[in-house]
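Student: What follows is the file my_file24.txt, containing compact mmCIF, C-alpha atoms:
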# COMPACT_ATOMS: atom_id res chain seq x y z
CA MET F 469 115.76 82.06 101.07
CA LYS F 470 119.06 82.57 99.26
CA GLU F 471 121.41 85.11 100.82
CA LEU F 472 123.99 86.85 98.66
CA ARG F 473 127.17 88.16 100.28
CA LYS F 474 128.39 89.90 97.14
CA ILE F 475 126.74 91.72 94.24
CA PRO F 476 125.99 89.14 91.54
CA ASN F 477 127.38 89.19 88.03
CA ILE F 478 125.14 89.33 84.98
CA SER F 479 125.94 85.64 84.34
CA ASP F 480 124.28 84.74 87.66
CA ILE F 481 121.04 86.34 86.46
CA LEU F 482 121.28 84.88 82.95
CA ASP F 483 121.43 81.42 84.53
CA LEU F 484 117.87 82.01 85.79
CA LYS F 485 116.31 81.39 82.39
CA GLU F 486 112.74 82.25 83.44
CA ILE F 487 113.63 85.72 84.79
CA LYS F 488 112.69 88.66 82.56
CA THR F 489 112.14 91.36 85.21
CA VAL F 490 114.33 92.41 88.14
CA LEU F 491 113.03 94.58 90.99
CA PHE F 492 115.43 96.29 93.37
CA ASP F 493 115.03 97.84 96.78
CA MET F 494 117.11 101.00 97.07
CA ASP F 495 118.61 101.66 100.52
CA GLY F 496 120.95 98.85 101.49
CA THR F 497 120.49 97.07 98.15
CA ILE F 498 121.22 99.40 95.23
CA LEU F 499 122.96 101.96 97.42
CA ASP F 500 124.88 101.58 100.66
CA THR F 501 122.89 104.33 102.38
CA GLU F 502 121.62 102.74 105.60
CA ILE F 503 124.42 104.28 107.67
CA LEU F 504 123.74 107.66 106.02
CA HIS F 505 120.09 107.42 107.00
CA ALA F 506 121.13 106.55 110.55
CA LYS F 507 123.42 109.59 110.71
CA ALA F 508 120.67 111.82 109.35
CA LEU F 509 118.22 110.39 111.88
CA TYR F 510 120.72 111.01 114.69
CA ASN F 511 121.07 114.64 113.61
CA THR F 512 117.30 114.96 113.30
CA LEU F 513 116.59 113.61 116.77
CA ASN F 514 119.43 115.65 118.26
CA LYS F 515 117.87 118.79 116.80
CA ILE F 516 114.38 117.96 118.06
CA ASN F 517 115.29 116.52 121.45
CA PRO F 518 119.00 116.57 122.44
CA SER F 519 118.21 114.63 125.62
CA LEU F 520 117.58 111.42 123.67
CA LYS F 521 120.51 109.10 124.34
CA LEU F 522 120.68 107.14 121.07
CA SER F 523 123.88 106.64 119.08
CA THR F 524 124.09 106.28 115.30
CA ASN F 525 124.76 102.55 115.75
CA ASP F 526 121.74 102.22 118.06
CA LEU F 527 119.55 103.85 115.42
CA LEU F 528 120.99 101.69 112.65
CA GLU F 529 120.35 98.47 114.55
CA THR F 530 116.87 99.48 115.72
CA PHE F 531 115.41 101.15 112.65
CA CYS F 532 117.24 99.65 109.65
CA GLY F 533 114.67 98.94 106.93
CA LYS F 534 111.89 100.90 108.60
CA SER F 535 110.28 103.94 107.03
CA ASP F 536 110.74 107.39 108.54
CA THR F 537 107.04 107.40 109.46
CA GLU F 538 107.50 104.17 111.41
CA VAL F 539 110.54 105.65 113.16
CA PHE F 540 108.49 108.71 114.15
CA GLU F 541 105.79 106.48 115.59
CA GLU F 542 108.27 104.45 117.62
CA VAL F 543 110.42 107.26 119.01
CA ASP F 544 108.75 109.21 121.79
CA LEU F 545 109.02 112.85 120.76
CA GLY F 546 105.97 113.99 122.69
CA GLU F 547 103.73 116.61 121.13
CA SER F 548 106.52 119.00 120.20
CA ILE F 549 106.49 117.96 116.55
CA ASN F 550 104.17 116.22 114.08
CA VAL F 551 105.10 113.63 111.48
CA GLU F 552 105.18 116.11 108.58
CA GLN F 553 107.63 118.34 110.45
CA PHE F 554 109.71 115.33 111.42
CA LEU F 555 109.93 114.14 107.81
CA GLU F 556 110.89 117.60 106.61
CA ILE F 557 113.77 117.81 109.09
CA LYS F 558 114.90 114.22 108.42
CA ASN F 559 114.94 114.78 104.65
CA GLU F 560 116.89 118.01 105.14
CA LYS F 561 119.46 116.25 107.35
CA PHE F 562 119.75 113.36 104.90
CA ILE F 563 120.52 115.72 102.01
CA GLU F 564 123.14 117.41 104.21
CA THR F 565 124.65 113.99 104.93
CA LEU F 566 124.74 113.20 101.20
CA ASP F 567 126.59 116.45 100.58
CA GLU F 568 129.39 115.18 102.82
CA HIS F 569 129.88 112.08 100.68
CA GLY F 570 130.93 111.45 97.11
CA LYS F 571 129.53 108.87 94.76
CA ILE F 572 127.49 106.17 96.49
CA LEU F 573 126.73 103.78 93.63
CA SER F 574 129.41 101.08 93.65
CA GLN F 575 131.21 100.04 90.48
CA GLU F 576 129.93 96.47 90.88
CA MET F 577 126.30 97.58 91.13
CA GLU F 578 126.68 99.98 88.24
CA GLU F 579 128.10 97.18 86.10
CA LEU F 580 125.23 94.85 87.02
CA LEU F 581 122.55 97.44 86.26
CA THR F 582 124.23 98.38 82.99
CA SER F 583 124.43 94.74 81.90
CA LEU F 584 120.81 94.02 82.86
CA LYS F 585 119.66 97.04 80.87
CA GLU F 586 121.74 96.04 77.85
CA LYS F 587 120.36 92.50 77.97
CA GLY F 588 116.80 93.83 77.82
CA TYR F 589 115.59 93.05 81.33
CA LYS F 590 112.72 95.13 82.70
CA LEU F 591 113.97 96.96 85.80
CA ALA F 592 112.18 98.76 88.62
CA LEU F 593 113.27 100.54 91.77
CA VAL F 594 110.87 99.84 94.64
CA THR F 595 111.59 101.75 97.84
CA ALA F 596 109.94 102.64 101.14
CA SER F 597 111.83 105.93 101.14
CA GLU F 598 110.17 109.30 100.68
CA ARG F 599 109.72 110.53 97.11
CA ASP F 600 111.84 113.68 97.58
CA VAL F 601 114.79 111.75 98.97
CA THR F 602 114.47 109.10 96.26
CA LYS F 603 114.43 111.75 93.53
CA GLU F 604 117.56 113.33 94.99
CA LEU F 605 119.41 110.01 95.03
CA ILE F 606 118.26 109.16 91.51
CA LYS F 607 119.54 112.53 90.28
CA ARG F 608 122.89 112.32 92.08
CA GLU F 609 123.61 108.73 91.06
CA ARG F 610 121.96 108.96 87.61
CA LEU F 611 119.79 105.94 88.35
CA ASP F 612 117.13 107.02 85.86
CA ARG F 613 119.26 105.56 83.05
CA PHE F 614 118.58 102.07 84.38
CA PHE F 615 115.02 101.86 85.64
CA ASP F 616 111.79 101.61 83.66
CA THR F 617 109.74 102.64 86.67
CA VAL F 618 110.28 103.89 90.23
CA LEU F 619 107.88 103.43 93.14
CA THR F 620 108.26 105.21 96.48
CA ARG F 621 106.19 105.04 99.66
CA ASN F 622 104.30 108.15 98.50
CA ASP F 623 103.06 106.42 95.36
CA LEU F 624 101.01 103.70 97.07
CA THR F 625 98.41 103.29 99.79
CA LEU F 626 100.39 100.49 101.42
CA THR F 627 104.13 100.01 101.77
CA LYS F 628 106.47 97.19 102.79
CA PRO F 629 106.04 94.69 104.46
CA HIS F 630 102.84 94.60 102.40
CA PRO F 631 103.52 93.12 98.94
CA LEU F 632 101.63 95.90 97.11
CA PRO F 633 104.78 97.83 96.06
CA TYR F 634 106.20 94.79 94.30
CA LEU F 635 102.86 93.69 92.90
CA LYS F 636 102.33 97.20 91.50
CA ALA F 637 105.79 97.21 89.94
CA MET F 638 105.04 93.90 88.22
CA GLU F 639 101.74 95.29 86.98
CA LEU F 640 103.38 98.43 85.58
CA LEU F 641 106.02 96.36 83.81
CA ASP F 642 103.45 93.82 82.57
CA SER F 643 105.41 91.06 84.29
CA LYS F 644 104.34 87.81 85.89
CA LYS F 645 105.61 86.77 89.32
CA GLU F 646 107.18 83.60 87.90
CA ASN F 647 109.31 85.76 85.59
CA THR F 648 110.34 88.25 88.29
CA LEU F 649 113.36 88.39 90.61
CA ILE F 650 113.53 90.70 93.65
CA PHE F 651 116.62 91.87 95.54
CA GLU F 652 115.96 93.04 99.12
CA ASP F 653 118.02 93.54 102.27
CA SER F 654 115.67 94.41 105.16
CA GLU F 655 113.28 92.14 107.02
CA THR F 656 110.24 94.24 106.08
CA GLY F 657 111.33 94.25 102.45
CA LEU F 658 111.93 90.51 102.44
CA MET F 659 108.46 89.94 103.87
CA ALA F 660 107.00 92.00 101.02
CA ALA F 661 109.08 90.13 98.44
CA LYS F 662 108.04 86.73 99.76
CA ALA F 663 104.36 87.69 99.89
CA SER F 664 104.49 88.89 96.27
CA GLY F 665 105.09 85.33 95.06
CA ALA F 666 108.14 86.29 93.01
CA LYS F 667 111.59 84.75 93.33
CA PHE F 668 113.71 86.78 95.74
CA PHE F 669 117.23 86.93 97.16
CA LYS F 670 118.46 88.59 100.33
CA ALA F 671 120.97 91.27 99.40
CA ASN F 672 123.53 91.10 102.16
CA TRP F 673 126.47 92.58 100.27
CA PHE F 674 126.57 95.83 102.24
CA SER F 675 126.20 94.16 105.63
CA ASN F 676 129.08 94.14 108.09
CA VAL F 677 127.56 91.22 109.98
Produce C-alpha cells that represent the structure in this file.
Tutor:
Amino acid sequence: MKELRKIPNISDILDLKEIKTVLFDMDGTILDTEILHAKALYNTLNKINPSLKLSTNDLLETFCGKSDTEVFEEVDLGESINVEQFLEIKNEKFIETLDEHGKILSQEMEELLTSLKEKGYKLALVTASERDVTKELIKRERLDRFFDTVLTRNDLTLTKPHPLPYLKAMELLDSKKENTLIFEDSETGLMAAKASGAKFFKANWFSNV
C-alpha cells in the first residue's frame, strides 16, 4: 500500500495511464475535518453525559474514521438517549464547530480537484458521514463543482469497511476497478478500498503522525 505524505499533483495522476476515475473519501482526505469531528463529539458527549472523562485527543485517537453510529455503539451512554437523538445532537455540534472556522478546503486539494475535472476524469465523493453533514460541507466548500456523484452512509445498506460504497460509485460512473484510483485515510476506509479491487493510496497528508 502506497502512503502519500502530501497531496499529489495532477502529473502524479497522469502518470497512471490506466486511471480514468478517481474516488475520494471526504473527512481526512478531501477535507481536514477529523479534529473538527472530534471537537463536535466532545461537545456532544459533554452535553449528554458531562461525567465522561474523554478529551478531544482521546476521541480523535479512538474514533478517527468510524461513523457516528459506531461511536454511539461503543460509548456507554446508557438508556438516556437513542442513536437518532445522538446523531441529531452530533450533527448540530458539528455545524456549530464549522461556524467557528473559515475555509477548510486547502489550496493544494482545490488545485488537484480542478485539474482532474479539467482533464476529464470521473470523480466521486464516497463518505461514511451522514448525508446532512455532507451536504453542509459540500455547500460551504462548493465541492459540487468537482464531483459527478456523491455517496454517503445514508445512501447504501452497507458502509465502510465493506467495499459496497466504492463498488457502487464505480457502477454509477460506469467505471472498471482496473481504471479506478481511490484515496483514503482511515483504516476502515482503506479496508473498503482494498476489498473493492481498485488501485488505492493512503492519504496521510493531514496526519500529524
Student: Name all residues at most 8 Å from Thr565 of chain F (count all atoms listed in the file; drop same-chain ones fewer than 5 positions away) and give them as a count of residues only.
Tutor: 3
Student: If we count all atoms listed in the file, what is near Ile516 of chain F at a cut-off of 12 Å, once residues fewer than 4 positions away on the same chain are taken out, given as a ChimeraX atom specification?
Tutor: /F:509-512,520,540,543-550,553-558,561
Student: Between atom CA of Gly533 of chain F and atom CA of Glu655 of chain F, what is the distance, to one decimal in Å?
Tutor: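 These two atoms are separated by 6.9 Å.
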Student: Kindly compute an axis-aligned box around the listed atoms of segment 565-584 of chain F, allowing 3 Å on each side, and express its centre and edge lengths in Å to one decimal as AutoDock Vina command-line options.
Tutor:
--center_x 126.0 --center_y 105.2 --center_z 93.4 --size_x 16.4 --size_y 28.4 --size_z 29.0
Student: Mind pulling up the distance from atom CA of Asn647 of chain F to atom CA of Glu486 of chain F?
Tutor: 5.4 Å
Student: Counting all atoms listed in the file, which residues of segment 551-605 of chain F sit at most 10 Å from some atom of segment 617-636 of chain F, and what is each one's closest atom pair with its distance in Å to one decimal, listed by chain and rising residue number, as CSV?
Tutor:
residue,atom,partner,partner_atom,distance
F:Lys590,CA,F:Thr617,CA,9.0
F:Leu591,CA,F:Thr617,CA,7.1
F:Ala592,CA,F:Thr617,CA,5.0
F:Leu593,CA,F:Val618,CA,4.7
F:Val594,CA,F:Leu619,CA,4.9
F:Thr595,CA,F:Thr620,CA,5.0
F:Ala596,CA,F:Arg621,CA,4.7
F:Ser597,CA,F:Arg621,CA,5.9
F:Glu598,CA,F:Arg621,CA,5.9
F:Arg599,CA,F:Thr620,CA,5.6
F:Asp600,CA,F:Thr620,CA,9.3
F:Val601,CA,F:Thr620,CA,9.6
F:Thr602,CA,F:Thr620,CA,7.3
F:Lys603,CA,F:Thr620,CA,9.5
Student: Using all atoms listed in the file, find all polymer residues with an atom at most 9 Å away from the point (105.6, 86.2, 93.9); report them as a PDB file with C-alpha atoms, keeping the file's coordinate frame.
Tutor:
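Once written, out.pdb looks like this:
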ATOM      1  CA  PRO F 631     103.520  93.120  98.940  1.00  0.00           C
ATOM      2  CA  TYR F 634     106.200  94.790  94.300  1.00  0.00           C
ATOM      3  CA  LEU F 635     102.860  93.690  92.900  1.00  0.00           C
ATOM      4  CA  LYS F 644     104.340  87.810  85.890  1.00  0.00           C
ATOM      5  CA  LYS F 645     105.610  86.770  89.320  1.00  0.00           C
ATOM      6  CA  GLU F 646     107.180  83.600  87.900  1.00  0.00           C
ATOM      7  CA  THR F 648     110.340  88.250  88.290  1.00  0.00           C
ATOM      8  CA  LEU F 649     113.360  88.390  90.610  1.00  0.00           C
ATOM      9  CA  ALA F 661     109.080  90.130  98.440  1.00  0.00           C
ATOM     10  CA  LYS F 662     108.040  86.730  99.760  1.00  0.00           C
ATOM     11  CA  ALA F 663     104.360  87.690  99.890  1.00  0.00           C
ATOM     12  CA  SER F 664     104.490  88.890  96.270  1.00  0.00           C
ATOM     13  CA  GLY F 665     105.090  85.330  95.060  1.00  0.00           C
ATOM     14  CA  ALA F 666     108.140  86.290  93.010  1.00  0.00           C
ATOM     15  CA  LYS F 667     111.590  84.750  93.330  1.00  0.00           C
ATOM     16  CA  PHE F 668     113.710  86.780  95.740  1.00  0.00           C
TER      17      PHE F 668
END
Student: Can you tell me how far atom CA of Asp642 of chain F sits from atom CA of Lys585 of chain F, in Å to one decimal?
Tutor: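 Separating atom CA of Asp642 of chain F from atom CA of Lys585 of chain F is a distance of 16.6 Å.
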Student: With only C-alpha atoms as the atoms that count, which of F:Asp616, F:Asp480, F:Asp495, F:Glu568 lies nearest to Cys532 of chain F?
Tutor: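 Under the stated criterion, the closest residue is F:Asp495.
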Student: Which residues are near Glu579 of chain F? Cut-off 10 Å, all atoms listed in the file, ignore same chain within fewer than 5 positions. Put them as a list of chain:residue names.
Tutor: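 Contacts, with the query itself left out: F:Ile475, F:Pro476, F:Asn477, F:Ile478, F:Ser574, F:Leu584, F:Lys585.
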Student: Please provide as number ranges by chain all residues within 8 Å of Glu471 of chain F, with the sequence filter that same-chain residues fewer than 2 positions apart are discarded (counting all atoms listed in the file).
Tutor: F: 469, 473, 669-672
